[in-house]
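To keep things clear, I will list the structure first and then write my remarks on it.
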Amino acid sequence: MQQQSTEQSDHFWNPYVAGVLLGLALLAAFLIMGWGLGASGAANRIAILAAHTVAPDAVEANAYFRPYVTAEHGVMNDWLVFETLGVFLGGLIGAFSAGRTRLAVRHGARISVRGRLFWALVGGIIMGFAARLARGCTSGQALSGGALLATGSWAFMMMVFVGGYAVAPLIRRQWR
Amino acid sequence: MPLPFYMHDAFSRPVGLVIATLIGCVFGFALERAGFGRATVLTDQFYGDNMRVFKVMFSAIVTAMLGVFVCSGLGILDLSLMRIPTTYLWPQIAGGFLLGVGFIVSGHCPGTAVVGASSGNIDAMVAFFGTVLGTYAFGGVFPWIQDFYNSGEMGILRLPTTFGISETLAVIAVVLMAIGGFFGAEWVEKKLAREDAPADPTNSGAAAPRNRVFGIWSLATAAGAVVLFSGFTFVSRPQAEPELPSISALDLATTLVADPTHYFLLDTRIPPAPPKQRIPGAMVLSAEDPDGAFLADLPPTRELLLYGGDDASTRTDLAERFEGTTLTLRGGYAAFRNEVIAPPEPPRAATPDALEAYRLRSALHAHFTGASAPAPTPMVKPVRVKRARKAEGGC
Amino acid sequence: MNTLPLEVTSSRVQPHIDPVLHIWCWDVAAYLFLGGIAAGLLVIYAVHTLRKGNSSTFSWPLRFAPLIALSALSLGMAFLFLDLEYKTHVYRFYFTFRPTSPMSWGSWILIVTYPVGILMATGGWSEQQKRAAGARLGSGSIARLLDNTLAFSDRHRATILRLGIAVGCGLGLYTGLLLGTLSARLQWNTAMLGPLFLASGISTGIAFLLLFPLHNDERHELTRWDIAAIGVELTLIGLMLIGFLSGDEAARLAAWNLLGGPVTGEFWSLVIITGLAVPLFLEIVEMRRAGARAFMAPVLVLIGGIALRFILLHAGQATSYDALLSMVGH
């Protein structure tokens, strides 16, 4: 049968069930803390910490970064940073218990490993910029703000899909 | 217990960080099981034949939204305490578009990149590194785009307000839209299914678990709507502050002798009473800090005892600043002065209890005033003799 | 800091009188971490060899574990040396022995560790390994020294290994007791610190070995021990907290530090969850499934090990000061 030929490692959960578990984690954050989840916040703070270690003056002179390094708590002493640490650990638990931990580069059939990594970096930079501009990423804005019915978050979410579908045909080579 | 817990000071900020790690674990686990650690699964969304991203995302949104809806309908969750993202329309629209572009180019979004990295996907690690670099790009151009960054500010705006509909209607609309979207997605998947790709049985979502999930949502929506329409609430009005526990001056004095570090003592009188008219070791409120903000810094390893001149002048409102247990002194300093500082009167009736109490008070008096107690023995002896005589007479 | 009353700042808390207020930094934490790894490696090697007998068939990381231990220890001591105020005074430790001073014990244990470690590594070679080493060295005096050492180590193999267990345990305990005897530091004033750092040292030592290519049966065995060591560690941390909670005010302050106070987030997230609970889960899964290899488990154990020492070191130095601040400041 078809199912048996699929590797065990490629068996993901039913998307609706996985979504409900995701929603329950988000709900737990709402009910316990009073705010939602995030991910780009941690990347932001890692960046600021690294820059502040290397060039403290430049960071303190920057209008966007200054509030982070002059705050009462350290840059990394933040809810989203610890939550993202948890995301890493949870992902590790999930992947290892399903037999999916393997060093690999996931790419489409028509692109080289090096090309894939190049585009991953470029896309990452765009995402990092976009997440700062929008004050959050798919987790912080679309999921958390969306579930609280925040108007701006819904606008953000729609635009994520618009942006994705608009560019997808242009870089079809990478994935198909 | 009212929700959200943290906003009601149910635990300290560092405990919140531990909760962050635990919730993050569940979040990461769910993302991984959804297949979101893998760029090839995520980007399928944009080529139409596997709509996992849409299904998982909206399932999560609907679930969390219904939970919030039901809890706030029941009155156990205070929505006004929640940190709802402020709407800055233009940067959110531009940021959303760019994030979608970054998503399809890199194959990840920031959160799924972390999960992908944890399962060993090098492209995910690179994408996350890119996200870190993107922050620098933003910080670098920030002075030039600052105005745009703050444009379209609309405060905390929510869909019910934007569309002028009720909360319940908005929730029902989102649930219906999501379920409609799910059926639409499955229809598109079937249409665009690639001939060469093997049918992944978990792709479109096997019907049984899907229908169960939809059923639960419908029930939750109905329950929330009924609750809201009936106006029923578990906790509607703020309850009166419970009175602080109190102890007597003698109990306090005894405890202080046995364990001087048992309490933080705080004299709440302003201006502070002179040192001779305070309980020894008591802190006072200074003019710079009349509301005792420093109490928040005290470790809750001792109990806090508040006292004023008398019951009326004891400021019980300071208790909420302190993290640990707080008590008051019954009768305030007046009681302490009368019962501990003032020299005890020898007992009139010489019952053993009265004698015991007298000895205790003498000892406490001596301890707290430094004065030697009025020698109890000569006073007591005749009393005892008297009692003995009475007993003899009875025989 | 500036809110302290004048009498405190002028008479006590100022750099000319209390120069050591925050002076133990990352270098001491790194020393305690590397010392723990060295202790763990010595104990693991000795116990494993005593159980299996023939150490010449071990994979190379395990066979050279005592030498890896000595390298880690040397690196750690280099960090410690950096921390010393008077570097040229090190020799003075060795002109005296004070039975009540953990530093005195420590410096002598460090001296004993080197010969014992070398003798552990030079025992139990196969004839072929001896010939290969001899061929490389020729027939000079060094080769003769090696021959004699090998022969000596073989003759006293069991004694040396038992001595190795003792030295390893001593070293591991000492890294904790070094802090534990400083009773003025609330966070360190517990007898649990010695055993805790020993258990953590064994666990991190195993984790360090697991990063290298080992034979499958060795990996299996070491992972099983790591699971046990993590279990012991969790128990000891629990006992430590119970001990603090049932103590006097200073001890309760130390407990509160980890149960709601300033370092709670780091302690539970990095040490308990990241460094102990998650690797424990990964290793149990690894044991149950044939062919699975949890590469990240030892990495997390090592992160947890260094976080444990860093956080306790920091908390120990912060508690007394913060307590002083809140008690005296008002």
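Ordering of the structure tokens sets the chain letters (A, B, ...), residue numbers begin anew at 1 in every chain, and ligands are numbered from 1 in the order given.
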
Which residues of chain B come within 9 Å of chain C, and for each one, what is the closest pair of atoms and their distance in Å to one decimal, counting only C-alpha atoms, sorted by chain and residue number, as a tab-separated table?
```
residue	atom	partner	partner_atom	distance
B:Phe11	CA	C:Gly260	CA	7.5
B:Ser12	CA	C:Gly260	CA	6.0
B:Arg13	CA	C:Gly260	CA	8.0
B:Pro14	CA	C:Gly265	CA	4.6
B:Val15	CA	C:Gly260	CA	5.5
B:Gly16	CA	C:Gly265	CA	7.4
B:Leu17	CA	C:Gly265	CA	5.0
B:Val18	CA	C:Gly265	CA	5.0
B:Ile19	CA	C:Gly265	CA	8.6
B:Ala20	CA	C:Ser269	CA	8.8
B:Thr21	CA	C:Ser269	CA	6.2
B:Leu22	CA	C:Ser269	CA	8.3
B:Ser118	CA	C:Met296	CA	8.8
B:Thr261	CA	C:Glu249	CA	7.1
B:His262	CA	C:Glu249	CA	7.9
B:Met283	CA	C:His330	CA	6.7
B:Val284	CA	C:His330	CA	8.0
B:Leu285	CA	C:His330	CA	8.7
B:Ser286	CA	C:His330	CA	8.8
B:Phe294	CA	C:His330	CA	7.8
B:Asp297	CA	C:Ser326	CA	6.7
B:Leu298	CA	C:Ser326	CA	5.9
B:Pro299	CA	C:Leu253	CA	6.9
B:Pro300	CA	C:Trp256	CA	7.7
B:Thr301	CA	C:Leu253	CA	5.7
B:Arg302	CA	C:Glu249	CA	7.2
```

At most 9 Å to chain C: residues in chain A, only C-alpha atoms, as a ChimeraX atom specification: /A:77,82,85-86,89-90,92-93,96-97,99,101

Which value, in Å to one decimal, gives the distance between atom CA of Phe58 of chain C and atom CA of Phe197 of chain C? 27.2 Å

Based on the backbone DSSP call, show me all residues of segment 200-384 of chain B assigned strand (DSSP E or B), as a ChimeraX atom specification. /B:246-247,263-267,283-284,303-307,326-329

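Put simply, atom CA of Gly48 of chain B is 27.8 Å away from atom CA of Leu148 of chain A.
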
Using only C-alpha atoms: which of A:Ala71, A:Leu103, A:Leu170, A:Ala109 has the shortest distance to chain B: A:Leu103

9 Å contact set for Ile272 of chain C, only C-alpha atoms, chain neighbours under 6 positions out, as number ranges by chain: C: 234, 278, 304, 308

I need the residues of segment 108-286 of chain C that end up classed as helix (DSSP H, G or I) by DSSP on the backbone, written out as an MDAnalysis selection string. chainID C and resid 108:122 127:137 141:155 157:180 186:188 193:210 216:245 249:258 264:286

Ranking B:Phe54, B:Tyr263, B:Phe97, B:Trp90 by minimum distance to chain A and counting only C-alpha atoms, which one comes first?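 Looking only at the distances to chain A, the closest residue turns out to be B:Phe97.
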
Mind giving me the straight-line distance from atom CA of Phe46 of chain B to atom CA of Ala193 of chain B in Å, one decimal? 13.4 Å

Counting only C-alpha atoms, which of B:Gly75, B:Gly35, B:Gly96, B:Gly24 gets nearest to Ala130 of chain A? B:Gly96

Within 12 Å of Gly134 of chain B using only C-alpha atoms, minus same-chain residues under 2 positions, as a short mmCIF file (atom, residue, chain, number, x, y, z; two decimals) with all heavy atoms, in the first residue's frame:
```cif
data_model
loop_
_atom_site.label_atom_id
_atom_site.label_comp_id
_atom_site.auth_asym_id
_atom_site.auth_seq_id
_atom_site.Cartn_x
_atom_site.Cartn_y
_atom_site.Cartn_z
N SER A 40 10.06 36.19 16.16
CA SER A 40 11.03 37.13 15.62
C SER A 40 11.61 38.02 16.72
O SER A 40 12.71 38.54 16.58
CB SER A 40 10.39 38.00 14.54
OG SER A 40 9.37 38.79 15.10
N ALA A 43 14.90 36.63 17.65
CA ALA A 43 15.94 36.93 16.66
C ALA A 43 16.41 38.37 16.81
O ALA A 43 17.61 38.66 16.76
CB ALA A 43 15.39 36.70 15.25
N ASN A 44 15.46 39.25 17.04
CA ASN A 44 15.75 40.67 17.25
C ASN A 44 16.71 40.85 18.41
O ASN A 44 17.73 41.54 18.32
CB ASN A 44 14.42 41.39 17.52
CG ASN A 44 14.59 42.87 17.66
OD1 ASN A 44 15.50 43.44 17.11
ND2 ASN A 44 13.69 43.49 18.42
N ILE A 46 18.64 38.58 19.89
CA ILE A 46 19.94 37.95 19.64
C ILE A 46 20.81 38.92 18.85
O ILE A 46 21.99 39.13 19.15
CB ILE A 46 19.76 36.62 18.89
CG1 ILE A 46 19.13 35.58 19.81
CG2 ILE A 46 21.11 36.11 18.36
CD1 ILE A 46 18.72 34.31 19.12
N ALA A 47 20.20 39.54 17.81
CA ALA A 47 20.94 40.48 16.99
C ALA A 47 21.46 41.64 17.83
O ALA A 47 22.63 42.03 17.74
CB ALA A 47 20.03 41.02 15.87
N ILE A 48 20.59 42.18 18.68
CA ILE A 48 20.99 43.34 19.48
C ILE A 48 22.08 42.94 20.47
O ILE A 48 23.06 43.67 20.66
CB ILE A 48 19.76 43.92 20.21
CG1 ILE A 48 18.79 44.48 19.18
CG2 ILE A 48 20.19 45.00 21.19
CD1 ILE A 48 17.47 44.91 19.76
N LEU A 121 19.08 32.53 3.02
CA LEU A 121 19.66 33.68 3.70
C LEU A 121 18.96 34.97 3.27
O LEU A 121 18.57 35.79 4.11
CB LEU A 121 21.16 33.76 3.42
CG LEU A 121 21.90 34.86 4.18
CD1 LEU A 121 21.95 34.53 5.66
CD2 LEU A 121 23.31 35.05 3.65
N VAL A 122 18.78 35.11 1.93
CA VAL A 122 18.13 36.32 1.41
C VAL A 122 16.71 36.43 1.98
O VAL A 122 16.30 37.48 2.51
CB VAL A 122 18.10 36.29 -0.13
CG1 VAL A 122 17.22 37.41 -0.65
CG2 VAL A 122 19.51 36.39 -0.67
N GLY A 123 15.97 35.32 1.90
CA GLY A 123 14.60 35.33 2.43
C GLY A 123 14.59 35.65 3.91
O GLY A 123 13.71 36.38 4.41
N GLY A 124 15.56 35.09 4.63
CA GLY A 124 15.64 35.35 6.07
C GLY A 124 15.83 36.82 6.35
O GLY A 124 15.20 37.39 7.25
N ILE A 125 16.71 37.46 5.57
CA ILE A 125 16.95 38.89 5.79
C ILE A 125 15.68 39.69 5.53
O ILE A 125 15.30 40.57 6.31
CB ILE A 125 18.11 39.38 4.88
CG1 ILE A 125 19.42 38.73 5.34
CG2 ILE A 125 18.23 40.89 4.93
CD1 ILE A 125 20.59 38.98 4.43
N ILE A 126 14.98 39.34 4.44
CA ILE A 126 13.72 40.03 4.15
C ILE A 126 12.74 39.86 5.31
O ILE A 126 12.09 40.80 5.77
CB ILE A 126 13.10 39.50 2.83
CG1 ILE A 126 14.06 39.74 1.67
CG2 ILE A 126 11.75 40.16 2.57
CD1 ILE A 126 13.57 39.14 0.36
N MET A 127 12.66 38.60 5.82
CA MET A 127 11.73 38.33 6.93
C MET A 127 12.10 39.12 8.17
O MET A 127 11.23 39.66 8.86
CB MET A 127 11.79 36.85 7.29
CG MET A 127 10.98 35.96 6.43
SD MET A 127 10.77 34.39 7.24
CE MET A 127 12.45 33.87 7.51
N GLY A 128 13.40 39.17 8.46
CA GLY A 128 13.84 39.89 9.65
C GLY A 128 13.44 41.35 9.57
O GLY A 128 12.93 41.93 10.53
N PHE A 129 13.64 41.92 8.39
CA PHE A 129 13.27 43.33 8.17
C PHE A 129 11.75 43.49 8.31
O PHE A 129 11.27 44.37 9.03
CB PHE A 129 13.74 43.76 6.77
CG PHE A 129 13.51 45.21 6.50
CD1 PHE A 129 14.50 46.14 6.80
CD2 PHE A 129 12.32 45.64 5.94
CE1 PHE A 129 14.30 47.48 6.55
CE2 PHE A 129 12.11 46.99 5.70
CZ PHE A 129 13.10 47.92 6.00
N ALA A 130 11.02 42.60 7.64
CA ALA A 130 9.56 42.71 7.62
C ALA A 130 8.98 42.57 9.01
O ALA A 130 8.05 43.30 9.39
CB ALA A 130 8.97 41.65 6.69
N ALA A 131 9.54 41.64 9.79
CA ALA A 131 8.99 41.40 11.12
C ALA A 131 9.18 42.62 12.01
O ALA A 131 8.32 42.93 12.84
CB ALA A 131 9.65 40.17 11.75
N ARG A 132 10.30 43.32 11.85
CA ARG A 132 10.51 44.54 12.65
C ARG A 132 9.53 45.61 12.21
O ARG A 132 8.95 46.31 13.02
CB ARG A 132 11.95 45.05 12.48
CG ARG A 132 13.05 44.25 13.13
CD ARG A 132 12.80 44.01 14.60
NE ARG A 132 12.13 42.74 14.81
CZ ARG A 132 11.19 42.54 15.71
NH1 ARG A 132 10.79 43.50 16.48
NH2 ARG A 132 10.64 41.36 15.84
N LEU A 133 9.36 45.73 10.88
CA LEU A 133 8.49 46.76 10.35
C LEU A 133 7.06 46.57 10.85
O LEU A 133 6.38 47.52 11.24
CB LEU A 133 8.53 46.73 8.81
CG LEU A 133 7.72 47.78 8.09
CD1 LEU A 133 8.22 49.17 8.46
CD2 LEU A 133 7.80 47.58 6.59
N LEU B 98 6.01 41.91 2.75
CA LEU B 98 7.44 41.54 2.72
C LEU B 98 7.67 40.21 3.42
O LEU B 98 8.48 39.39 2.98
CB LEU B 98 8.27 42.62 3.40
CG LEU B 98 8.60 43.84 2.56
CD1 LEU B 98 9.40 44.83 3.37
CD2 LEU B 98 9.40 43.40 1.33
N LEU B 99 6.97 39.97 4.52
CA LEU B 99 7.16 38.71 5.23
C LEU B 99 6.71 37.54 4.37
O LEU B 99 7.36 36.49 4.34
CB LEU B 99 6.40 38.71 6.56
CG LEU B 99 6.99 37.65 7.48
CD1 LEU B 99 7.65 38.29 8.68
CD2 LEU B 99 5.99 36.63 7.92
N GLY B 102 9.52 37.00 1.99
CA GLY B 102 10.61 36.32 2.67
C GLY B 102 10.28 34.86 2.94
O GLY B 102 11.14 33.97 2.85
N PRO B 110 10.00 33.03 10.81
CA PRO B 110 10.95 32.96 11.93
C PRO B 110 10.70 31.80 12.90
O PRO B 110 11.63 31.11 13.32
CB PRO B 110 10.77 34.32 12.61
CG PRO B 110 10.34 35.24 11.51
CD PRO B 110 9.50 34.40 10.61
N ALA B 127 18.18 30.43 7.45
CA ALA B 127 17.07 31.39 7.38
C ALA B 127 16.96 32.15 8.70
O ALA B 127 16.72 33.36 8.71
CB ALA B 127 15.76 30.67 7.07
N PHE B 128 17.15 31.46 9.82
CA PHE B 128 17.07 32.15 11.10
C PHE B 128 18.21 33.15 11.24
O PHE B 128 18.01 34.27 11.73
CB PHE B 128 17.09 31.15 12.26
CG PHE B 128 16.77 31.79 13.59
CD1 PHE B 128 15.45 32.06 13.93
CD2 PHE B 128 17.77 32.14 14.48
CE1 PHE B 128 15.14 32.67 15.14
CE2 PHE B 128 17.47 32.76 15.69
CZ PHE B 128 16.15 33.00 16.02
N PHE B 129 19.37 32.73 10.79
CA PHE B 129 20.51 33.66 10.81
C PHE B 129 20.20 34.88 9.96
O PHE B 129 20.50 36.03 10.35
CB PHE B 129 21.76 32.93 10.30
CG PHE B 129 22.99 33.79 10.27
CD1 PHE B 129 23.54 34.28 11.43
CD2 PHE B 129 23.59 34.13 9.06
CE1 PHE B 129 24.67 35.08 11.41
CE2 PHE B 129 24.72 34.92 9.02
CZ PHE B 129 25.25 35.40 10.20
N GLY B 130 19.55 34.67 8.80
CA GLY B 130 19.14 35.78 7.96
C GLY B 130 18.18 36.71 8.69
O GLY B 130 18.29 37.94 8.59
N THR B 131 17.25 36.12 9.45
CA THR B 131 16.31 36.94 10.21
C THR B 131 17.06 37.85 11.18
O THR B 131 16.70 39.02 11.36
CB THR B 131 15.35 36.03 11.00
OG1 THR B 131 14.86 35.03 10.12
CG2 THR B 131 14.19 36.82 11.54
N VAL B 132 18.11 37.30 11.81
CA VAL B 132 18.92 38.11 12.72
C VAL B 132 19.57 39.25 11.94
O VAL B 132 19.54 40.41 12.38
CB VAL B 132 19.99 37.22 13.40
CG1 VAL B 132 20.95 38.08 14.19
CG2 VAL B 132 19.32 36.20 14.31
N TYR B 136 19.38 44.01 11.68
CA TYR B 136 20.37 45.08 11.51
C TYR B 136 19.97 46.00 10.37
O TYR B 136 20.09 47.22 10.46
CB TYR B 136 21.76 44.51 11.23
CG TYR B 136 22.32 43.72 12.36
CD1 TYR B 136 22.84 42.44 12.15
CD2 TYR B 136 22.35 44.23 13.65
CE1 TYR B 136 23.35 41.71 13.20
CE2 TYR B 136 22.85 43.50 14.70
CZ TYR B 136 23.36 42.23 14.47
OH TYR B 136 23.87 41.51 15.51
N ALA B 137 19.49 45.38 9.27
CA ALA B 137 19.06 46.19 8.13
C ALA B 137 17.99 47.16 8.59
O ALA B 137 18.02 48.35 8.25
CB ALA B 137 18.54 45.28 7.02
N PHE B 138 17.04 46.67 9.39
CA PHE B 138 15.97 47.54 9.84
C PHE B 138 16.50 48.64 10.76
O PHE B 138 16.15 49.82 10.59
CB PHE B 138 14.90 46.72 10.57
CG PHE B 138 13.72 47.53 10.99
CD1 PHE B 138 12.77 47.90 10.06
CD2 PHE B 138 13.58 47.96 12.30
CE1 PHE B 138 11.69 48.67 10.44
CE2 PHE B 138 12.50 48.73 12.68
CZ PHE B 138 11.55 49.08 11.75
N GLY B 139 17.35 48.24 11.72
CA GLY B 139 17.91 49.24 12.63
C GLY B 139 18.70 50.30 11.87
O GLY B 139 18.66 51.49 12.22
N GLY B 140 19.37 49.88 10.81
CA GLY B 140 20.20 50.80 10.03
C GLY B 140 19.37 51.87 9.31
O GLY B 140 19.73 53.04 9.32
N VAL B 141 18.22 51.45 8.73
CA VAL B 141 17.43 52.43 7.97
C VAL B 141 16.35 53.05 8.83
O VAL B 141 15.58 53.88 8.35
CB VAL B 141 16.79 51.80 6.71
CG1 VAL B 141 17.86 51.24 5.81
CG2 VAL B 141 15.80 50.72 7.10
#
```
